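Contents: one structure, followed by commentary.
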Amino acid sequence: MHKKTAASSKGHFGHLTDDLLRHVLSFLPVADALQTCVLDTRWRDHWRRATSLLLIFDQSSFPSSERFKQLAKLFIHLRGNSPLDKCKIVGCLDDEEERTYKNTMLLIEYALKCQHLKILHLERFELKRSTLNFSRCSVLEDLKMQHCNIDARRISSKSLKRLCFTNFCFFPEEFHIRIFVPGLISLQLDDHNGLTPSPEYMPSLETAYVCLHNNFYHSCRGNLQDCEYDDCSCHAYPVDQGVLLHGLSNAVNLELIGDTYTELLIYRWDLECCPIFDKLKTLSLSEWFTTIDLLCILQHSPVLEVLTLKLDSTKKLVRATELEEKVEQSFVCSHLKVVNIECRKVDERVHKILKFLSQCGILRDQISITEQ
């Protein structure tokens with residue numbers, strides 16, 4: 001039972017415990033939470049003690065950057081060393097022309113000093129540092145970055161378990177950000193511009209989702225590696241180690257998604273030095289690959305049980321079917337139990353895919369086809 005405090009006056013919330021009131025405050029932007037101080041003497045310190053906060057300081061809430069600055073500094077001063085375990089910060093520009101986020105960075109620095117912080121959600125701001133080191137948050141487990149401009153050589157944390165980049169984060173165009181999070185169990189890399197980040201060894205990884213949309217940073221202007229165009233992103237590709245697949249090689253569940261509008265050569269280049277996915281149980285692919293790419297993945301996934309192929313267009317997938325004779329008849333996906341094919345319609349190309357899967361030792365009754 002939570003201990004109730006005496007309210008100085010009656011009201012709709014008079015019968016609620018302190019913990020419940022603080023839980024209610026956790027859903028309010030900080031500017032609104034501060035205004036609850038005038039409701040009752042009982043409310044004055046609740047927002048300071050709330051352990052979950054939405055630090056949403058945006059232009060719709062503050063008519064001027066000066067007002068935003070005042071409230072950000074007041075918030076930090078009044079909160080002091082109060083514990084904080086969950087925090088969402090939505091950025092606010094100090095200067096439109098200079099694109100500075102100095103006051104937002106004050107809030108981020110405050111959050112990172114909170115030793116109890118477990119969940120951090122950052123949205124709509126720029127991070128420009130050589131290294132984003134979250135080691136000060138020794139218990140930080142969940143980090144989400146949404147619509148952020150991230151300019152750093154390295155992102156590191158030994159405590160993180162879940163990492164998400166979504167809603168068009170912007171990464172550098174000259175180099176691949178290295179991600180060092182050895183304890184990570186879940187990674188989501190979705191909808192970004194710039195060069196794809198490169199995860200380092202993650203032995204505890206369970207689930208990874210990577211979605212590369214129509215973006216020339218994932219491809220080559222000459223459809224080759226190391227082409228003649230000096231400004232092409234292919235020149236930043238690390239030939240000796242790849243970008244994505246080695247860091248994802250311990251995943252149990254893996255989803256590699258791409259569209260059909262550009263040649264997503266970053267996936268294909270990584271397959272040239274394909275790692276062994278010795279823990280991979282479920283794999284989902286969209287139509288970025290050819291049959292030869294699929295063969296390579298299957299040969300390097302010895303315990304794969306479920307394969308899902310999401311086929312909006314099968315044109316690229318079957319482009320290499322003339323090389324089917326290279327499939328070794330002795331190769332059998334012994335652990336594969338189910339293949340799910342999602343397509344618009346079952347056409348001649350789908351039948352060619354079925355033939356290819358048959359060559360890999362996959363029986364027809366193991367394959368489920370869904371027309372969408």
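Letters A, B, ... mark the chains of the structure tokens in the order given; residue numbers begin at 1 per chain; ligand numbers begin at 1, in order shown.
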Need to verify the contact set: Glu126 in chain A, 8 Å, only C-alpha atoms, exclusion of same-chain residues closer than 3 positions in sequence. Can you return it as a JSON list (two decimals) with all heavy atoms, in the first residue's frame?
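The file below, around39.json, is the result:
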```
[["chain", "number", "residue", "atom", "x", "y", "z"],
["A", 100, "THR", "N", 21.58, 26.08, -34.03],
["A", 100, "THR", "CA", 22.18, 25.72, -32.75],
["A", 100, "THR", "C", 21.12, 25.21, -31.78],
["A", 100, "THR", "O", 19.96, 25.65, -31.80],
["A", 100, "THR", "CB", 22.91, 26.92, -32.13],
["A", 100, "THR", "OG1", 21.98, 28.01, -31.97],
["A", 100, "THR", "CG2", 24.07, 27.35, -33.00],
["A", 101, "TYR", "N", 21.56, 24.29, -30.90],
["A", 101, "TYR", "CA", 20.67, 23.68, -29.91],
["A", 101, "TYR", "C", 21.32, 23.75, -28.53],
["A", 101, "TYR", "O", 21.29, 22.78, -27.77],
["A", 101, "TYR", "CB", 20.40, 22.21, -30.26],
["A", 101, "TYR", "CG", 19.54, 22.00, -31.48],
["A", 101, "TYR", "CD1", 20.08, 22.08, -32.75],
["A", 101, "TYR", "CD2", 18.19, 21.68, -31.36],
["A", 101, "TYR", "CE1", 19.30, 21.85, -33.87],
["A", 101, "TYR", "CE2", 17.40, 21.45, -32.47],
["A", 101, "TYR", "CZ", 17.97, 21.54, -33.73],
["A", 101, "TYR", "OH", 17.19, 21.32, -34.84],
["A", 148, "CYS", "N", 16.94, 12.94, -35.86],
["A", 148, "CYS", "CA", 18.09, 13.66, -35.32],
["A", 148, "CYS", "C", 19.21, 13.73, -36.36],
["A", 148, "CYS", "O", 19.33, 12.86, -37.22],
["A", 148, "CYS", "CB", 18.62, 12.94, -34.07],
["A", 148, "CYS", "SG", 17.49, 13.01, -32.66],
["A", 149, "ASN", "N", 20.01, 14.77, -36.27],
["A", 149, "ASN", "CA", 21.20, 14.92, -37.09],
["A", 149, "ASN", "C", 22.40, 14.52, -36.22],
["A", 149, "ASN", "O", 22.76, 15.23, -35.30],
["A", 149, "ASN", "CB", 21.33, 16.36, -37.57],
["A", 149, "ASN", "CG", 22.43, 16.52, -38.61],
["A", 149, "ASN", "OD1", 23.35, 15.71, -38.69],
["A", 149, "ASN", "ND2", 22.33, 17.57, -39.41],
["A", 150, "ILE", "N", 22.98, 13.37, -36.54],
["A", 150, "ILE", "CA", 24.04, 12.81, -35.68],
["A", 150, "ILE", "C", 25.37, 12.84, -36.42],
["A", 150, "ILE", "O", 25.56, 12.14, -37.41],
["A", 150, "ILE", "CB", 23.69, 11.36, -35.29],
["A", 150, "ILE", "CG1", 22.31, 11.31, -34.63],
["A", 150, "ILE", "CG2", 24.75, 10.78, -34.35],
["A", 150, "ILE", "CD1", 21.75, 9.93, -34.49],
["A", 151, "ASP", "N", 26.27, 13.68, -35.96],
["A", 151, "ASP", "CA", 27.58, 13.83, -36.58],
["A", 151, "ASP", "C", 28.64, 13.41, -35.57],
["A", 151, "ASP", "O", 29.14, 14.21, -34.80],
["A", 151, "ASP", "CB", 27.78, 15.27, -37.03],
["A", 151, "ASP", "CG", 29.05, 15.46, -37.86],
["A", 151, "ASP", "OD1", 29.75, 14.45, -38.10],
["A", 151, "ASP", "OD2", 29.34, 16.59, -38.28]]
```
Contacts of Ser135 in chain A at 12 Å or less, counting only C-alpha atoms, minus same-chain residues fewer than 6 places along, as a list in words? Leu112, Lys113, Cys114, Gln115, Leu117, Glu141, Ile155, Ser156, Ser157, Lys158, Ser159, Leu160, Phe180 and Val181 of chain A
Serialized selection, N, CA and C atoms, as a PDB file, in the first residue's frame:
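Final file, part.pdb:
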```
ATOM      1  N   LEU A 112      21.896  13.035 -18.838  1.00  0.00           N
ATOM      2  CA  LEU A 112      22.986  12.067 -18.857  1.00  0.00           C
ATOM      3  C   LEU A 112      23.722  11.978 -17.519  1.00  0.00           C
ATOM      4  N   LYS A 113      23.565  12.980 -16.676  1.00  0.00           N
ATOM      5  CA  LYS A 113      24.189  12.953 -15.362  1.00  0.00           C
ATOM      6  C   LYS A 113      23.354  12.176 -14.350  1.00  0.00           C
ATOM      7  N   CYS A 114      22.108  11.853 -14.736  1.00  0.00           N
ATOM      8  CA  CYS A 114      21.228  11.117 -13.820  1.00  0.00           C
ATOM      9  C   CYS A 114      21.627   9.647 -13.806  1.00  0.00           C
ATOM     10  N   GLN A 115      22.153   9.189 -12.704  1.00  0.00           N
ATOM     11  CA  GLN A 115      22.707   7.839 -12.615  1.00  0.00           C
ATOM     12  C   GLN A 115      21.641   6.749 -12.699  1.00  0.00           C
ATOM     13  N   LEU A 117      19.055   6.840 -14.849  1.00  0.00           N
ATOM     14  CA  LEU A 117      18.381   6.921 -16.143  1.00  0.00           C
ATOM     15  C   LEU A 117      18.472   5.589 -16.889  1.00  0.00           C
ATOM     16  N   GLU A 141      19.495   1.613 -20.583  1.00  0.00           N
ATOM     17  CA  GLU A 141      19.200   0.386 -21.317  1.00  0.00           C
ATOM     18  C   GLU A 141      18.496   0.627 -22.645  1.00  0.00           C
ATOM     19  N   ILE A 155      29.477   5.865 -31.489  1.00  0.00           N
ATOM     20  CA  ILE A 155      28.459   5.857 -30.446  1.00  0.00           C
ATOM     21  C   ILE A 155      28.750   4.655 -29.561  1.00  0.00           C
ATOM     22  N   SER A 156      28.884   4.891 -28.263  1.00  0.00           N
ATOM     23  CA  SER A 156      29.279   3.786 -27.384  1.00  0.00           C
ATOM     24  C   SER A 156      28.492   3.783 -26.083  1.00  0.00           C
ATOM     25  N   SER A 157      28.237   2.582 -25.592  1.00  0.00           N
ATOM     26  CA  SER A 157      27.609   2.371 -24.293  1.00  0.00           C
ATOM     27  C   SER A 157      27.769   0.899 -23.935  1.00  0.00           C
ATOM     28  N   LYS A 158      28.154   0.627 -22.698  1.00  0.00           N
ATOM     29  CA  LYS A 158      28.296  -0.757 -22.252  1.00  0.00           C
ATOM     30  C   LYS A 158      27.028  -1.294 -21.606  1.00  0.00           C
ATOM     31  N   SER A 159      26.069  -0.398 -21.322  1.00  0.00           N
ATOM     32  CA  SER A 159      24.856  -0.832 -20.624  1.00  0.00           C
ATOM     33  C   SER A 159      23.643  -0.953 -21.542  1.00  0.00           C
ATOM     34  N   LEU A 160      23.688  -0.329 -22.726  1.00  0.00           N
ATOM     35  CA  LEU A 160      22.527  -0.312 -23.616  1.00  0.00           C
ATOM     36  C   LEU A 160      22.085  -1.725 -24.010  1.00  0.00           C
ATOM     37  N   PHE A 180      29.440   0.952 -30.904  1.00  0.00           N
ATOM     38  CA  PHE A 180      30.025   0.008 -29.958  1.00  0.00           C
ATOM     39  C   PHE A 180      29.087  -0.151 -28.776  1.00  0.00           C
ATOM     40  N   VAL A 181      28.249  -1.190 -28.817  1.00  0.00           N
ATOM     41  CA  VAL A 181      27.294  -1.482 -27.746  1.00  0.00           C
ATOM     42  C   VAL A 181      27.282  -3.002 -27.550  1.00  0.00           C
TER      43      VAL A 181
END
```
Strand (DSSP E) per DSSP on the backbone: members of range 27-245 of chain A, as a PyMOL selection string: chain A and resi 52-56+86-90+119-123+126-128+131-133+142-146+149-151+154-156+162-166+169-170+178-180+186-190+192-193+198-199+207-212
Pick the closest to Lys279 in chain A from A:Leu205, A:Leu71, A:Ile177, A:Cys343: which is it, counting only C-alpha atoms?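 Ranking A:Leu205, A:Leu71, A:Ile177, A:Cys343 by distance to Lys279 in chain A, first place goes to A:Leu205.
Among A:Ala251, A:Thr196, A:Gly258, A:Tyr110, the residue with the shortest atom-to-atom distance to Leu280 in chain A, counting only C-alpha atoms, is A:Ala251.
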As an mmCIF file with N, CA and C atoms, in the first residue's frame, please: every residue in range 86-327 of chain A that DSSP puts in helix (DSSP H, G or I).
```
data_model
loop_
_atom_site.group_PDB
_atom_site.id
_atom_site.type_symbol
_atom_site.label_atom_id
_atom_site.label_comp_id
_atom_site.auth_asym_id
_atom_site.auth_seq_id
_atom_site.Cartn_x
_atom_site.Cartn_y
_atom_site.Cartn_z
ATOM 1 N N LYS A 102 21.888 24.875 -28.174
ATOM 2 C CA LYS A 102 22.647 24.976 -26.933
ATOM 3 C C LYS A 102 21.784 24.672 -25.714
ATOM 4 N N ASN A 103 20.574 25.216 -25.672
ATOM 5 C CA ASN A 103 19.729 25.017 -24.503
ATOM 6 C C ASN A 103 19.182 23.592 -24.436
ATOM 7 N N THR A 104 18.921 23.009 -25.604
ATOM 8 C CA THR A 104 18.517 21.603 -25.613
ATOM 9 C C THR A 104 19.648 20.730 -25.105
ATOM 10 N N MET A 105 20.888 21.072 -25.483
ATOM 11 C CA MET A 105 22.042 20.307 -25.012
ATOM 12 C C MET A 105 22.191 20.399 -23.502
ATOM 13 N N LEU A 106 21.783 21.525 -22.898
ATOM 14 C CA LEU A 106 21.806 21.635 -21.443
ATOM 15 C C LEU A 106 20.904 20.567 -20.817
ATOM 16 N N LEU A 107 19.741 20.366 -21.424
ATOM 17 C CA LEU A 107 18.813 19.359 -20.918
ATOM 18 C C LEU A 107 19.374 17.953 -21.094
ATOM 19 N N ILE A 108 20.012 17.707 -22.236
ATOM 20 C CA ILE A 108 20.599 16.391 -22.483
ATOM 21 C C ILE A 108 21.723 16.118 -21.493
ATOM 22 N N GLU A 109 22.586 17.118 -21.269
ATOM 23 C CA GLU A 109 23.673 16.963 -20.305
ATOM 24 C C GLU A 109 23.119 16.678 -18.917
ATOM 25 N N TYR A 110 22.007 17.356 -18.568
ATOM 26 C CA TYR A 110 21.386 17.105 -17.266
ATOM 27 C C TYR A 110 20.902 15.660 -17.182
ATOM 28 N N ALA A 111 20.217 15.190 -18.244
ATOM 29 C CA ALA A 111 19.681 13.831 -18.232
ATOM 30 C C ALA A 111 20.791 12.797 -18.139
ATOM 31 N N LEU A 112 21.896 13.035 -18.838
ATOM 32 C CA LEU A 112 22.986 12.067 -18.857
ATOM 33 C C LEU A 112 23.722 11.978 -17.519
ATOM 34 N N PHE A 216 20.755 7.278 -52.243
ATOM 35 C CA PHE A 216 21.962 6.977 -53.021
ATOM 36 C C PHE A 216 23.167 6.683 -52.136
ATOM 37 N N TYR A 217 23.065 6.932 -50.832
ATOM 38 C CA TYR A 217 24.175 6.607 -49.941
ATOM 39 C C TYR A 217 24.342 5.098 -49.758
ATOM 40 N N HIS A 218 23.316 4.324 -50.079
ATOM 41 C CA HIS A 218 23.381 2.875 -49.936
ATOM 42 C C HIS A 218 23.817 2.190 -51.219
ATOM 43 N N SER A 233 29.329 7.563 -52.763
ATOM 44 C CA SER A 233 29.441 6.999 -51.417
ATOM 45 C C SER A 233 30.185 5.669 -51.393
ATOM 46 N N CYS A 234 30.356 5.021 -52.543
ATOM 47 C CA CYS A 234 31.030 3.723 -52.549
ATOM 48 C C CYS A 234 32.478 3.824 -52.092
ATOM 49 N N HIS A 235 33.089 5.006 -52.208
ATOM 50 C CA HIS A 235 34.492 5.171 -51.816
ATOM 51 C C HIS A 235 34.669 5.120 -50.296
ATOM 52 N N ALA A 236 33.583 5.299 -49.542
ATOM 53 C CA ALA A 236 33.659 5.224 -48.076
ATOM 54 C C ALA A 236 33.424 3.809 -47.574
ATOM 55 N N LEU A 265 23.586 -1.845 -53.005
ATOM 56 C CA LEU A 265 24.808 -2.630 -53.097
ATOM 57 C C LEU A 265 25.483 -2.836 -51.753
ATOM 58 N N ILE A 266 25.117 -2.042 -50.741
ATOM 59 C CA ILE A 266 25.761 -2.200 -49.446
ATOM 60 C C ILE A 266 25.478 -3.588 -48.879
ATOM 61 N N TYR A 267 24.255 -4.104 -49.059
ATOM 62 C CA TYR A 267 23.945 -5.470 -48.645
ATOM 63 C C TYR A 267 24.798 -6.464 -49.435
ATOM 64 N N ARG A 268 24.830 -6.265 -50.729
ATOM 65 C CA ARG A 268 25.485 -7.232 -51.611
ATOM 66 C C ARG A 268 26.998 -7.234 -51.402
ATOM 67 N N TRP A 269 27.570 -6.074 -51.182
ATOM 68 C CA TRP A 269 29.019 -6.002 -50.920
ATOM 69 C C TRP A 269 29.358 -6.729 -49.628
ATOM 70 N N ASP A 270 28.519 -6.573 -48.607
ATOM 71 C CA ASP A 270 28.759 -7.268 -47.340
ATOM 72 C C ASP A 270 28.745 -8.785 -47.523
ATOM 73 N N LEU A 271 27.922 -9.258 -48.449
ATOM 74 C CA LEU A 271 27.831 -10.700 -48.677
ATOM 75 C C LEU A 271 29.098 -11.278 -49.305
ATOM 76 N N THR A 291 18.994 -14.370 -56.470
ATOM 77 C CA THR A 291 19.012 -15.755 -56.002
ATOM 78 C C THR A 291 20.393 -16.153 -55.490
ATOM 79 N N ILE A 292 21.437 -15.600 -56.098
ATOM 80 C CA ILE A 292 22.794 -15.905 -55.641
ATOM 81 C C ILE A 292 23.035 -15.331 -54.253
ATOM 82 N N ASP A 293 22.497 -14.128 -54.002
ATOM 83 C CA ASP A 293 22.600 -13.550 -52.655
ATOM 84 C C ASP A 293 21.878 -14.431 -51.638
ATOM 85 N N LEU A 294 20.686 -14.892 -52.001
ATOM 86 C CA LEU A 294 19.915 -15.744 -51.106
ATOM 87 C C LEU A 294 20.646 -17.053 -50.827
ATOM 88 N N LEU A 295 21.229 -17.618 -51.850
ATOM 89 C CA LEU A 295 21.998 -18.846 -51.670
ATOM 90 C C LEU A 295 23.138 -18.643 -50.678
ATOM 91 N N CYS A 296 23.832 -17.521 -50.809
ATOM 92 C CA CYS A 296 24.949 -17.214 -49.913
ATOM 93 C C CYS A 296 24.475 -17.128 -48.465
ATOM 94 N N ILE A 297 23.344 -16.439 -48.240
ATOM 95 C CA ILE A 297 22.819 -16.292 -46.884
ATOM 96 C C ILE A 297 22.414 -17.639 -46.303
ATOM 97 N N LEU A 298 21.737 -18.465 -47.110
ATOM 98 C CA LEU A 298 21.301 -19.769 -46.630
ATOM 99 C C LEU A 298 22.488 -20.663 -46.271
ATOM 100 N N GLN A 299 23.531 -20.599 -47.069
ATOM 101 C CA GLN A 299 24.715 -21.418 -46.805
ATOM 102 C C GLN A 299 25.446 -20.983 -45.542
ATOM 103 N N THR A 321 19.026 -16.015 -62.038
ATOM 104 C CA THR A 321 18.633 -17.423 -62.068
ATOM 105 C C THR A 321 19.372 -18.207 -63.135
ATOM 106 N N GLU A 322 19.979 -17.518 -64.083
ATOM 107 C CA GLU A 322 20.746 -18.271 -65.065
ATOM 108 C C GLU A 322 21.972 -18.917 -64.438
ATOM 109 N N LEU A 323 22.300 -18.535 -63.197
ATOM 110 C CA LEU A 323 23.441 -19.121 -62.499
ATOM 111 C C LEU A 323 23.005 -20.244 -61.557
ATOM 112 N N GLU A 324 21.774 -20.711 -61.701
ATOM 113 C CA GLU A 324 21.254 -21.720 -60.785
ATOM 114 C C GLU A 324 22.062 -23.009 -60.810
ATOM 115 N N GLU A 325 22.711 -23.255 -61.949
ATOM 116 C CA GLU A 325 23.466 -24.496 -62.018
ATOM 117 C C GLU A 325 24.629 -24.510 -61.036
ATOM 118 N N LYS A 326 24.956 -23.343 -60.458
ATOM 119 C CA LYS A 326 26.031 -23.281 -59.477
ATOM 120 C C LYS A 326 25.604 -23.792 -58.109
#
```
Please compute the CA of Glu371 in chain A-CA of Glu348 in chain A distance, one decimal, in Å.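 Taking CA of Glu371 in chain A as the start and CA of Glu348 in chain A as the end point, the length is 14.0 Å.
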Near Ala152 in chain A, counting only C-alpha atoms, which residues have an atom at most 9 Å away, once you skip same-chain residues fewer than 4 positions from it, shown as a PyMOL selection string? chain A and resi 127-132+171-172+177-178
Could you name the residues that touch Lys161 in chain A at 12 Å or less, counting only C-alpha atoms, but leaving out those on the same chain fewer than 2 positions away, as number ranges by chain? A: 118-119, 138-144, 156-159, 163-164, 180-188, 202-208
Expected file: the selected residues, C-alpha atoms, as a JSON list (two decimals), in the first residue's frame:
```
[["chain", "number", "residue", "atom", "x", "y", "z"],
["A", 118, "LYS", "CA", 17.24, 3.76, -17.97],
["A", 119, "ILE", "CA", 15.23, 5.08, -20.93],
["A", 138, "SER", "CA", 25.69, 3.29, -16.18],
["A", 139, "VAL", "CA", 22.17, 1.79, -16.17],
["A", 140, "LEU", "CA", 20.92, 3.24, -19.47],
["A", 141, "GLU", "CA", 19.20, 0.39, -21.32],
["A", 142, "ASP", "CA", 16.94, 1.96, -23.94],
["A", 143, "LEU", "CA", 18.03, 4.74, -26.36],
["A", 144, "LYS", "CA", 15.83, 6.01, -29.19],
["A", 156, "SER", "CA", 29.28, 3.79, -27.38],
["A", 157, "SER", "CA", 27.61, 2.37, -24.29],
["A", 158, "LYS", "CA", 28.30, -0.76, -22.25],
["A", 159, "SER", "CA", 24.86, -0.83, -20.62],
["A", 163, "LEU", "CA", 18.96, 1.03, -29.66],
["A", 164, "CYS", "CA", 16.66, 2.61, -32.25],
["A", 180, "PHE", "CA", 30.03, 0.01, -29.96],
["A", 181, "VAL", "CA", 27.29, -1.48, -27.75],
["A", 182, "PRO", "CA", 28.43, -5.01, -26.79],
["A", 183, "GLY", "CA", 25.42, -5.69, -24.52],
["A", 184, "LEU", "CA", 22.79, -4.81, -27.13],
["A", 185, "ILE", "CA", 19.88, -7.24, -27.58],
["A", 186, "SER", "CA", 17.73, -5.19, -30.00],
["A", 187, "LEU", "CA", 18.72, -2.87, -32.87],
["A", 188, "GLN", "CA", 16.42, -0.90, -35.18],
["A", 202, "MET", "CA", 27.38, -7.64, -30.42],
["A", 203, "PRO", "CA", 27.43, -11.13, -28.85],
["A", 204, "SER", "CA", 24.06, -10.77, -27.07],
["A", 205, "LEU", "CA", 22.07, -9.51, -30.06],
["A", 206, "GLU", "CA", 18.64, -11.14, -30.38],
["A", 207, "THR", "CA", 16.67, -8.98, -32.82],
["A", 208, "ALA", "CA", 17.83, -6.63, -35.57]]
```
Please list as a count of residues only every residue within 12 Å of Leu354 in chain A, counting only C-alpha atoms and excluding residues in the same chain fewer than 4 positions away. 25
Work out how far CA of Ser284 in chain A is from CA of Pro197 in chain A, in Å to one decimal.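 Taking CA of Pro197 in chain A as the start and CA of Ser284 in chain A as the end point, the length is 20.3 Å.
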Pick from A:Cys273, A:Val252, A:Leu16, A:Val243, whichever lies nearest to Ser301 in chain A using only C-alpha atoms: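 Among A:Cys273, A:Val252, A:Leu16, A:Val243, it is A:Val252 that comes nearest to Ser301 in chain A.
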Pick out the closest residue to Ser65 in chain A from this set: A:Thr51, A:Leu256, A:Asp94, A:Ile89. Count only C-alpha atoms.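 The answer is A:Asp94, which sits nearest to Ser65 in chain A.
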